[in-house]
$ cat work-v3.cif   # mmCIF, C-alpha atoms and all ligand atoms
data_query
#
loop_
_atom_site.label_atom_id
_atom_site.label_comp_id
_atom_site.auth_asym_id
_atom_site.auth_seq_id
_atom_site.Cartn_x
_atom_site.Cartn_y
_atom_site.Cartn_z
CA MET A 1 18.24 2.06 9.37
CA TRP A 2 17.92 5.17 7.29
CA GLY A 3 19.41 8.44 8.55
CA GLY A 4 19.29 7.13 12.13
CA LYS A 5 15.66 6.01 11.77
CA THR A 6 14.44 2.41 12.00
CA VAL A 7 12.56 0.93 9.04
CA THR A 8 9.87 -1.79 8.98
CA VAL A 9 8.33 -3.27 5.82
CA VAL A 10 4.83 -4.68 6.31
CA PHE A 11 3.69 -7.54 4.03
CA PRO A 12 -0.02 -8.49 4.10
CA ALA A 13 -0.16 -12.15 3.11
CA TYR A 14 -2.91 -14.53 2.13
CA ASN A 15 -1.65 -17.82 0.69
CA GLU A 16 1.64 -16.47 -0.66
CA GLU A 17 3.94 -19.41 0.13
CA GLU A 18 5.48 -19.37 -3.35
CA SER A 19 6.82 -15.83 -3.15
CA ILE A 20 6.96 -14.73 0.48
CA ALA A 21 10.53 -15.82 1.30
CA ALA A 22 11.97 -14.18 -1.81
CA ALA A 23 10.13 -10.94 -1.05
CA VAL A 24 11.37 -10.83 2.56
CA LEU A 25 14.95 -11.54 1.47
CA ASP A 26 14.82 -9.03 -1.39
CA PHE A 27 13.67 -6.17 0.84
CA LYS A 28 16.08 -7.09 3.65
CA SER A 29 19.01 -7.28 1.20
CA THR A 30 18.71 -3.52 0.63
CA GLY A 31 20.54 -3.07 3.94
CA VAL A 32 18.13 -0.37 5.12
CA VAL A 33 15.24 -2.55 6.28
CA ASP A 34 15.47 -3.45 9.97
CA GLU A 35 12.35 -5.56 10.13
CA ALA A 36 10.12 -7.46 7.71
CA LEU A 37 6.70 -7.83 9.33
CA VAL A 38 4.43 -10.41 7.71
CA VAL A 39 0.73 -10.29 8.56
CA ASP A 40 -0.61 -13.77 7.94
CA ASN A 41 -4.28 -13.40 7.03
CA ASN A 42 -5.63 -16.94 7.62
CA SER A 43 -3.37 -18.53 4.99
CA ARG A 44 -4.06 -22.21 4.45
CA ASP A 45 -0.61 -22.87 3.00
CA ARG A 46 2.92 -22.55 4.42
CA THR A 47 3.08 -18.74 4.16
CA ALA A 48 3.76 -18.15 7.87
CA ALA A 49 6.46 -20.83 8.14
CA ARG A 50 8.26 -19.69 4.98
CA ALA A 51 8.18 -16.07 6.15
CA ALA A 52 9.62 -16.95 9.55
CA GLU A 53 12.36 -19.08 7.94
CA ALA A 54 13.32 -16.08 5.80
CA GLY A 55 13.75 -13.95 8.94
CA ALA A 56 10.45 -12.09 9.14
CA ARG A 57 8.43 -11.36 12.26
CA VAL A 58 5.07 -13.01 11.68
CA ILE A 59 1.81 -11.90 13.24
CA THR A 60 -1.69 -13.22 12.57
CA GLU A 61 -4.80 -11.24 11.61
CA ASN A 62 -7.97 -13.28 11.75
CA VAL A 63 -10.31 -10.71 10.20
CA GLN A 64 -10.12 -11.57 6.51
CA GLY A 65 -9.20 -8.83 4.06
CA TYR A 66 -6.37 -6.83 2.53
CA GLY A 67 -7.28 -3.77 4.60
CA ALA A 68 -7.59 -5.72 7.83
CA ALA A 69 -4.15 -7.24 7.26
CA LEU A 70 -2.53 -3.89 6.48
CA ARG A 71 -4.16 -2.22 9.46
CA ALA A 72 -2.89 -4.96 11.77
CA GLY A 73 0.61 -4.46 10.36
CA LEU A 74 0.46 -0.70 10.84
CA ARG A 75 -0.62 -1.22 14.46
CA ALA A 76 2.11 -3.79 15.18
CA ALA A 77 5.01 -1.89 13.58
CA THR A 78 7.06 0.14 16.04
CA SER A 79 9.69 1.64 13.70
CA ASP A 80 10.20 5.30 12.89
CA LEU A 81 9.45 4.70 9.21
CA ILE A 82 6.86 2.14 8.11
CA ILE A 83 6.65 0.85 4.54
CA LEU A 84 3.72 -1.14 3.13
CA SER A 85 4.40 -3.64 0.36
CA GLU A 86 3.14 -6.99 -0.99
CA PRO A 87 4.90 -10.35 -0.89
CA ASP A 88 3.76 -11.49 -4.34
CA GLY A 89 6.84 -10.49 -6.35
CA THR A 90 5.24 -7.38 -7.86
CA PHE A 91 7.38 -4.85 -5.96
CA VAL A 92 11.16 -4.44 -6.08
CA GLY A 93 13.08 -4.19 -2.80
CA ARG A 94 15.48 -1.50 -3.98
CA ASP A 95 12.53 0.87 -4.54
CA VAL A 96 12.36 1.40 -0.77
CA LYS A 97 15.35 3.71 -1.19
CA LYS A 98 13.28 5.91 -3.51
CA LEU A 99 10.57 6.18 -0.83
CA LEU A 100 13.15 6.84 1.89
CA ALA A 101 14.77 9.61 -0.15
CA TYR A 102 11.57 11.65 0.34
CA ALA A 103 10.94 10.70 3.97
CA ASP A 104 12.68 13.79 5.41
CA ASP A 105 10.37 16.15 3.56
CA PHE A 106 7.08 14.24 3.50
CA ASP A 107 4.89 12.37 6.00
CA MET A 108 3.66 9.88 3.46
CA VAL A 109 5.35 8.77 0.22
CA CYS A 110 3.14 6.72 -2.12
CA GLY A 111 4.36 4.75 -5.11
CA THR A 112 2.70 4.91 -8.51
CA ARG A 113 2.64 1.95 -10.89
CA THR A 114 1.59 3.95 -13.92
CA THR A 115 5.02 4.91 -15.27
CA ARG A 116 5.41 3.07 -18.56
CA GLU A 117 9.20 2.72 -18.31
CA LEU A 118 8.91 0.97 -14.93
CA LEU A 119 6.17 -1.48 -15.90
CA TRP A 120 7.65 -4.92 -16.42
CA ARG A 121 6.40 -7.10 -19.27
CA GLN A 122 4.37 -9.49 -17.08
CA ALA A 123 2.85 -6.76 -14.90
CA ASN A 124 -0.91 -6.82 -14.46
CA MET A 125 -1.37 -3.19 -15.51
CA GLY A 126 -3.13 -3.07 -18.86
CA TRP A 127 -4.71 0.14 -20.14
CA PHE A 128 -7.98 -0.43 -18.26
CA LEU A 129 -6.30 -0.81 -14.88
CA ARG A 130 -3.92 2.06 -15.61
CA VAL A 131 -6.69 4.45 -16.65
CA GLY A 132 -8.97 3.29 -13.82
CA ASN A 133 -6.30 3.74 -11.17
CA THR A 134 -5.43 7.17 -12.54
CA VAL A 135 -9.03 8.42 -12.79
CA VAL A 136 -9.78 7.45 -9.18
CA ALA A 137 -6.46 8.94 -8.03
CA LYS A 138 -7.26 12.21 -9.83
CA ALA A 139 -10.68 12.33 -8.17
CA MET A 140 -8.95 12.05 -4.81
CA GLN A 141 -6.38 14.69 -5.78
CA TRP A 142 -8.98 17.23 -6.90
CA LEU A 143 -11.63 16.61 -4.25
CA PHE A 144 -9.15 16.77 -1.36
CA ASN A 145 -6.67 19.29 -2.76
CA GLY A 146 -3.89 16.71 -2.81
CA PRO A 147 -0.57 16.52 -4.66
CA SER A 148 -0.41 15.16 -8.22
CA MET A 149 -1.57 11.53 -8.02
CA SER A 150 -1.86 8.87 -10.72
CA ASP A 151 -2.44 5.60 -8.84
CA CYS A 152 -5.07 4.92 -6.17
CA GLY A 153 -4.08 1.29 -5.59
CA CYS A 154 -0.33 1.03 -5.11
CA THR A 155 0.44 -0.77 -1.85
CA LEU A 156 4.10 0.26 -1.88
CA ARG A 157 4.24 3.39 0.25
CA LEU A 158 5.93 4.87 3.31
CA ILE A 159 4.50 6.63 6.33
CA ARG A 160 6.35 8.33 9.16
CA ARG A 161 5.54 7.11 12.64
CA GLU A 162 4.13 10.46 13.90
CA ALA A 163 1.82 10.67 10.88
CA LEU A 164 0.69 7.09 11.35
CA LEU A 165 -0.21 7.69 15.00
CA ASP A 166 -2.32 10.64 13.86
CA LEU A 167 -4.53 8.50 11.61
CA VAL A 168 -4.24 4.79 12.40
CA ASP A 169 -7.25 4.74 14.72
CA GLN A 170 -9.44 6.33 12.03
CA LEU A 171 -8.82 3.59 9.44
CA THR A 172 -12.04 1.64 8.92
CA VAL A 173 -11.76 -0.31 5.65
CA THR A 174 -10.98 -4.02 6.06
CA ARG A 175 -11.34 -5.04 2.41
CA SER A 176 -9.60 -4.26 -0.87
CA HIS A 177 -10.40 -0.53 -1.10
CA PHE A 178 -8.25 0.29 1.96
CA LEU A 179 -5.61 2.54 0.37
CA PRO A 180 -7.63 5.66 -0.61
CA GLU A 181 -8.88 6.03 2.97
CA MET A 182 -5.28 6.24 4.20
CA VAL A 183 -4.50 9.02 1.71
CA ILE A 184 -7.72 10.94 2.39
CA LEU A 185 -7.17 10.84 6.16
CA ALA A 186 -3.63 12.13 5.64
CA LEU A 187 -4.81 14.97 3.38
CA LEU A 188 -7.62 15.92 5.80
CA ARG A 189 -4.99 16.23 8.53
CA GLY A 190 -2.84 18.52 6.40
CA LEU A 191 -0.03 15.96 6.25
CA ARG A 192 2.57 16.24 3.48
CA VAL A 193 1.88 13.58 0.85
CA ILE A 194 3.80 12.90 -2.39
CA GLU A 195 3.63 10.24 -5.07
CA ILE A 196 6.71 8.86 -6.87
CA PRO A 197 7.21 6.28 -9.70
CA ILE A 198 8.19 2.75 -8.73
CA ASN A 199 8.71 -0.56 -10.57
CA TYR A 200 5.83 -2.97 -11.03
CA ARG A 201 6.44 -6.59 -12.01
CA GLY A 202 4.39 -9.65 -12.82
CA ARG A 203 2.91 -11.57 -9.95
CA VAL A 204 3.98 -14.96 -8.56
CA GLY A 205 0.95 -17.09 -7.64
CA GLN A 206 -2.73 -16.35 -7.86
CA SER A 207 -4.14 -12.85 -8.10
CA LYS A 208 -6.90 -12.16 -5.58
CA ILE A 209 -8.13 -8.63 -6.27
CA THR A 210 -7.36 -7.25 -9.73
CA GLY A 211 -7.00 -10.64 -11.39
CA THR A 212 -10.59 -10.53 -12.71
CA LEU A 213 -12.71 -7.78 -14.24
CA ALA A 214 -15.37 -8.37 -11.57
CA GLY A 215 -12.83 -8.02 -8.77
CA THR A 216 -11.39 -4.88 -10.32
CA LEU A 217 -14.80 -3.23 -10.81
CA LYS A 218 -15.95 -4.13 -7.30
CA THR A 219 -12.85 -2.61 -5.75
CA GLY A 220 -12.97 0.42 -8.07
CA PHE A 221 -16.59 1.26 -7.22
CA ALA A 222 -15.94 0.72 -3.49
CA MET A 223 -13.09 3.23 -3.77
CA ILE A 224 -15.30 5.77 -5.58
CA PHE A 225 -18.07 5.47 -2.97
CA LEU A 226 -15.53 5.85 -0.17
CA ILE A 227 -14.05 9.00 -1.75
CA LEU A 228 -17.49 10.55 -2.27
CA ARG A 229 -18.58 9.66 1.25
CA TYR A 230 -15.52 11.36 2.74
CA ARG A 231 -15.95 14.38 0.46
CA LEU A 232 -19.60 14.86 1.38
CA PHE A 233 -19.52 14.05 5.08
CA SER A 234 -16.04 14.66 6.48
CA PRO A 235 -14.91 17.84 8.26
CA LYS A 236 -12.86 20.41 6.38
CA ARG A 237 -9.11 20.01 5.94
CA ARG A 238 -7.02 20.79 9.02
CA GLU A 239 -4.27 23.37 8.22
N1 LIG B 1 -7.23 -10.19 -1.83
C1 LIG B 1 -6.78 -10.37 -0.60
N2 LIG B 1 -5.48 -10.13 -0.38
C2 LIG B 1 -5.05 -10.31 0.86
C3 LIG B 1 -5.91 -10.73 1.90
N3 LIG B 1 -5.20 -10.79 3.01
C4 LIG B 1 -3.95 -10.44 2.69
N4 LIG B 1 -3.84 -10.16 1.36
C5 LIG B 1 -2.61 -9.77 0.63
O1 LIG B 1 -2.81 -8.50 0.01
C6 LIG B 1 -2.10 -8.40 -1.21
C7 LIG B 1 -3.02 -7.97 -2.33
O2 LIG B 1 -3.64 -9.03 -3.04
P1 LIG B 1 -3.32 -9.36 -4.57
O3 LIG B 1 -3.94 -10.66 -4.89
O4 LIG B 1 -1.86 -9.23 -4.81
O5 LIG B 1 -4.09 -8.24 -5.37
P2 LIG B 1 -3.56 -7.11 -6.36
O6 LIG B 1 -2.25 -6.60 -5.85
O7 LIG B 1 -4.68 -6.16 -6.60
O8 LIG B 1 -3.37 -7.82 -7.75
P3 LIG B 1 -2.15 -8.66 -8.34
O9 LIG B 1 -0.89 -8.34 -7.59
O10 LIG B 1 -2.10 -8.27 -9.76
O11 LIG B 1 -2.55 -10.06 -8.14
C8 LIG B 1 -1.43 -9.75 -1.40
O12 LIG B 1 -0.10 -9.65 -0.93
C9 LIG B 1 -2.26 -10.70 -0.52
O13 LIG B 1 -1.52 -11.80 -0.09
C10 LIG B 1 -7.28 -11.01 1.64
O14 LIG B 1 -8.07 -11.37 2.47
N5 LIG B 1 -7.65 -10.79 0.36
MG MG B 2 -0.51 -7.88 -5.66
#
$ encode --input "work-v3.cif" --output "structure tokens"
Amino acid sequence: MWGGKTVTVVFPAYNEEESIAAAVLDFKSTGVVDEALVVDNNSRDRTAARAAEAGARVITENVQGYGAALRAGLRAATSDLIILSEPDGTFVGRDVKKLLAYADDFDMVCGTRTTRELLWRQANMGWFLRVGNTVVAKAMQWLFNGPSMSDCGCTLRLIRREALLDLVDQLTVTRSHFLPEMVILALLRGLRVIEIPINYRGRVGQSKITGTLAGTLKTGFAMIFLILRYRLFSPKRRE
């Protein structure tokens, strides 16, 4: 609970048996997380069992993809405040308090992994990823009149329930370029969005999106096309 509001953390998970229990326990140990909701996305390992043992609610999403898993989690969460994270050891549980500190004043609080002081030594955030994430984030900021943004791909973020209900049915992306659509839909609705620095650590287990240059480029270009498509074809911002 946070200021009388219930808090759920959603973890999309595809073959994360090595790290999922530690992630659930880390976030729950903050004392403010009421529910850890793991979305098992056709894992072939013991992800679901390990998550349940650690005290998470586990649901299954059969449509494969990072976006499909996150969307299923957003639909299944019933709390007042919903936080998206990853169960691969990259995010730090105590950072939820940073997101929550802004939740009274903003509808959506996004993390940024581009703050040098908060990048851990093993973090997969070399100059190419950092510059790429920032350039795409800036495009979103300028084309949609958003707040200052420096990371288009940080899963760790918070959304208030009322804001989520306003946009959840409009989310269409099932694959890895899911996050910019969530921000654009929020900005088009005139919701209050802010970005804040969070910690970013090295990953446990195998990287599935930004672990290769090909994967990074594919996701990056998909994000750019999505942003341009929304800019060219979506209705004007709602005030
Ligand atoms: N890539 C991918 N990730 C999925 C899928 N379903 C759920 N996920 C989860 O989504 C998160 C993102 O995938 P990651 O492999 O961590 O990709 P990333 O965060 O870009 O890169 P690293 O953390 O550096 O490996 C992980 O927690 C996955 O377990 C899926 O179908 N594909
Ligand atoms: Mg990851």
$ residues_around --input "work-v3.cif" --residues "Thr134 (chain A)" --least-positions-apart "4" --cutoff "9 Å" --atoms "only C-alpha atoms" --output "list in words"
Thr114, Leu129, Arg130, Lys138, Ala139, Met149, Ser150, Asp151 and Cys152 of chain A
$ residues_around --input "work-v3.cif" --residues "region 218-232 of chain A" --least-positions-apart "6" --cutoff "12 Å" --atoms "all atoms listed in the file" --output "ChimeraX atom specification"
/A:66-67,128-145,151-153,171-185,187-188,208-212
$ residues_around --input "work-v3.cif" --residues "Phe11 (chain A)" --least-positions-apart "5" --cutoff "8 Å" --atoms "only C-alpha atoms" --output "PyMOL selection string"
chain A and resi 36-39+70+73+84-87
$ atom_distance --input "work-v3.cif" --atom1 "CA of Glu53 (chain A)" --atom2 "atom O3 of ligand LIG 1 (chain B)"
22.4 Å
$ residues_near_ligand --input "work-v3.cif" --ligand "ligand MG 2 (chain B)" --cutoff "7 Å" --atoms "all atoms listed in the file" --output "list of chain:residue names"
A:Glu86, A:Asp88, A:Thr90, A:Arg203, A:Ser207
$ residues_around --input "work-v3.cif" --residues "Thr6 (chain A)" --least-positions-apart "3" --cutoff "7 Å" --atoms "all atoms listed in the file" --output "PyMOL selection string"
chain A and resi 1-2+34+79-81
$ atom_distance --input "work-v3.cif" --atom1 "CA of Leu165 (chain A)" --atom2 "CA of Thr78 (chain A)"
10.5 Å
$ atom_distance --input "work-v3.cif" --atom1 "CA of Val92 (chain A)" --atom2 "CA of Ser19 (chain A)"
12.5 Å
$ build_atoms --input "work-v3.cif" --residues "region 144-168 of chain A" --atoms "N, CA, C and O atoms" --output "PDB file, in the coordinates of the input"
ATOM      1  N   PHE A 144      -9.767  16.547  -2.671  1.00  0.00           N
ATOM      2  CA  PHE A 144      -9.150  16.770  -1.360  1.00  0.00           C
ATOM      3  C   PHE A 144      -7.915  17.668  -1.443  1.00  0.00           C
ATOM      4  O   PHE A 144      -7.108  17.702  -0.519  1.00  0.00           O
ATOM      5  N   ASN A 145      -7.773  18.343  -2.599  1.00  0.00           N
ATOM      6  CA  ASN A 145      -6.670  19.290  -2.760  1.00  0.00           C
ATOM      7  C   ASN A 145      -5.320  18.617  -2.474  1.00  0.00           C
ATOM      8  O   ASN A 145      -4.495  19.149  -1.741  1.00  0.00           O
ATOM      9  N   GLY A 146      -5.120  17.455  -3.062  1.00  0.00           N
ATOM     10  CA  GLY A 146      -3.890  16.710  -2.810  1.00  0.00           C
ATOM     11  C   GLY A 146      -2.796  17.019  -3.817  1.00  0.00           C
ATOM     12  O   GLY A 146      -2.983  17.847  -4.709  1.00  0.00           O
ATOM     13  N   PRO A 147      -1.655  16.352  -3.691  1.00  0.00           N
ATOM     14  CA  PRO A 147      -0.570  16.520  -4.660  1.00  0.00           C
ATOM     15  C   PRO A 147      -0.941  15.776  -5.943  1.00  0.00           C
ATOM     16  O   PRO A 147      -1.952  15.071  -5.974  1.00  0.00           O
ATOM     17  N   SER A 148      -0.136  15.890  -6.976  1.00  0.00           N
ATOM     18  CA  SER A 148      -0.410  15.160  -8.220  1.00  0.00           C
ATOM     19  C   SER A 148      -0.385  13.661  -7.943  1.00  0.00           C
ATOM     20  O   SER A 148       0.580  13.136  -7.395  1.00  0.00           O
ATOM     21  N   MET A 149      -1.487  12.973  -8.288  1.00  0.00           N
ATOM     22  CA  MET A 149      -1.570  11.530  -8.020  1.00  0.00           C
ATOM     23  C   MET A 149      -2.072  10.804  -9.262  1.00  0.00           C
ATOM     24  O   MET A 149      -2.946  11.297  -9.973  1.00  0.00           O
ATOM     25  N   SER A 150      -1.516   9.620  -9.512  1.00  0.00           N
ATOM     26  CA  SER A 150      -1.860   8.870 -10.720  1.00  0.00           C
ATOM     27  C   SER A 150      -2.168   7.405 -10.431  1.00  0.00           C
ATOM     28  O   SER A 150      -2.380   6.637 -11.359  1.00  0.00           O
ATOM     29  N   ASP A 151      -2.175   7.004  -9.168  1.00  0.00           N
ATOM     30  CA  ASP A 151      -2.440   5.600  -8.840  1.00  0.00           C
ATOM     31  C   ASP A 151      -3.114   5.529  -7.467  1.00  0.00           C
ATOM     32  O   ASP A 151      -2.523   5.933  -6.462  1.00  0.00           O
ATOM     33  N   CYS A 152      -4.349   5.002  -7.451  1.00  0.00           N
ATOM     34  CA  CYS A 152      -5.070   4.920  -6.170  1.00  0.00           C
ATOM     35  C   CYS A 152      -4.862   3.578  -5.480  1.00  0.00           C
ATOM     36  O   CYS A 152      -5.335   3.361  -4.367  1.00  0.00           O
ATOM     37  N   GLY A 153      -4.126   2.648  -6.141  1.00  0.00           N
ATOM     38  CA  GLY A 153      -4.080   1.290  -5.590  1.00  0.00           C
ATOM     39  C   GLY A 153      -2.695   0.701  -5.424  1.00  0.00           C
ATOM     40  O   GLY A 153      -2.551  -0.525  -5.439  1.00  0.00           O
ATOM     41  N   CYS A 154      -1.699   1.554  -5.251  1.00  0.00           N
ATOM     42  CA  CYS A 154      -0.330   1.030  -5.110  1.00  0.00           C
ATOM     43  C   CYS A 154      -0.016   0.794  -3.634  1.00  0.00           C
ATOM     44  O   CYS A 154       0.097   1.747  -2.856  1.00  0.00           O
ATOM     45  N   THR A 155       0.152  -0.465  -3.261  1.00  0.00           N
ATOM     46  CA  THR A 155       0.440  -0.770  -1.850  1.00  0.00           C
ATOM     47  C   THR A 155       1.768  -0.176  -1.414  1.00  0.00           C
ATOM     48  O   THR A 155       1.896   0.291  -0.281  1.00  0.00           O
ATOM     49  N   LEU A 156       2.769  -0.195  -2.298  1.00  0.00           N
ATOM     50  CA  LEU A 156       4.100   0.260  -1.880  1.00  0.00           C
ATOM     51  C   LEU A 156       4.085   1.737  -1.521  1.00  0.00           C
ATOM     52  O   LEU A 156       3.859   2.603  -2.377  1.00  0.00           O
ATOM     53  N   ARG A 157       4.307   2.026  -0.257  1.00  0.00           N
ATOM     54  CA  ARG A 157       4.240   3.390   0.250  1.00  0.00           C
ATOM     55  C   ARG A 157       4.911   3.464   1.616  1.00  0.00           C
ATOM     56  O   ARG A 157       5.095   2.450   2.280  1.00  0.00           O
ATOM     57  N   LEU A 158       5.258   4.664   2.013  1.00  0.00           N
ATOM     58  CA  LEU A 158       5.930   4.870   3.310  1.00  0.00           C
ATOM     59  C   LEU A 158       5.127   5.864   4.125  1.00  0.00           C
ATOM     60  O   LEU A 158       4.556   6.805   3.586  1.00  0.00           O
ATOM     61  N   ILE A 159       5.105   5.639   5.433  1.00  0.00           N
ATOM     62  CA  ILE A 159       4.500   6.630   6.330  1.00  0.00           C
ATOM     63  C   ILE A 159       5.405   6.808   7.550  1.00  0.00           C
ATOM     64  O   ILE A 159       5.968   5.835   8.054  1.00  0.00           O
ATOM     65  N   ARG A 160       5.560   8.054   7.953  1.00  0.00           N
ATOM     66  CA  ARG A 160       6.350   8.330   9.160  1.00  0.00           C
ATOM     67  C   ARG A 160       5.526   7.999  10.397  1.00  0.00           C
ATOM     68  O   ARG A 160       4.313   8.152  10.396  1.00  0.00           O
ATOM     69  N   ARG A 161       6.232   7.579  11.425  1.00  0.00           N
ATOM     70  CA  ARG A 161       5.540   7.110  12.640  1.00  0.00           C
ATOM     71  C   ARG A 161       4.559   8.155  13.200  1.00  0.00           C
ATOM     72  O   ARG A 161       3.431   7.850  13.542  1.00  0.00           O
ATOM     73  N   GLU A 162       5.005   9.423  13.298  1.00  0.00           N
ATOM     74  CA  GLU A 162       4.130  10.460  13.900  1.00  0.00           C
ATOM     75  C   GLU A 162       2.856  10.615  13.079  1.00  0.00           C
ATOM     76  O   GLU A 162       1.768  10.815  13.632  1.00  0.00           O
ATOM     77  N   ALA A 163       2.986  10.543  11.756  1.00  0.00           N
ATOM     78  CA  ALA A 163       1.820  10.670  10.880  1.00  0.00           C
ATOM     79  C   ALA A 163       0.895   9.465  11.061  1.00  0.00           C
ATOM     80  O   ALA A 163      -0.327   9.602  11.126  1.00  0.00           O
ATOM     81  N   LEU A 164       1.486   8.304  11.181  1.00  0.00           N
ATOM     82  CA  LEU A 164       0.690   7.090  11.350  1.00  0.00           C
ATOM     83  C   LEU A 164      -0.128   7.154  12.637  1.00  0.00           C
ATOM     84  O   LEU A 164      -1.326   6.844  12.647  1.00  0.00           O
ATOM     85  N   LEU A 165       0.504   7.618  13.723  1.00  0.00           N
ATOM     86  CA  LEU A 165      -0.210   7.690  15.000  1.00  0.00           C
ATOM     87  C   LEU A 165      -1.387   8.643  14.912  1.00  0.00           C
ATOM     88  O   LEU A 165      -2.407   8.466  15.578  1.00  0.00           O
ATOM     89  N   ASP A 166      -1.262   9.649  14.040  1.00  0.00           N
ATOM     90  CA  ASP A 166      -2.320  10.640  13.860  1.00  0.00           C
ATOM     91  C   ASP A 166      -3.550  10.051  13.169  1.00  0.00           C
ATOM     92  O   ASP A 166      -4.655  10.556  13.324  1.00  0.00           O
ATOM     93  N   LEU A 167      -3.365   8.971  12.378  1.00  0.00           N
ATOM     94  CA  LEU A 167      -4.530   8.500  11.610  1.00  0.00           C
ATOM     95  C   LEU A 167      -4.881   7.020  11.764  1.00  0.00           C
ATOM     96  O   LEU A 167      -5.953   6.592  11.332  1.00  0.00           O
ATOM     97  N   VAL A 168      -4.017   6.242  12.413  1.00  0.00           N
ATOM     98  CA  VAL A 168      -4.240   4.790  12.400  1.00  0.00           C
ATOM     99  C   VAL A 168      -5.577   4.386  13.036  1.00  0.00           C
ATOM    100  O   VAL A 168      -6.234   3.446  12.566  1.00  0.00           O
TER     101      VAL A 168
END
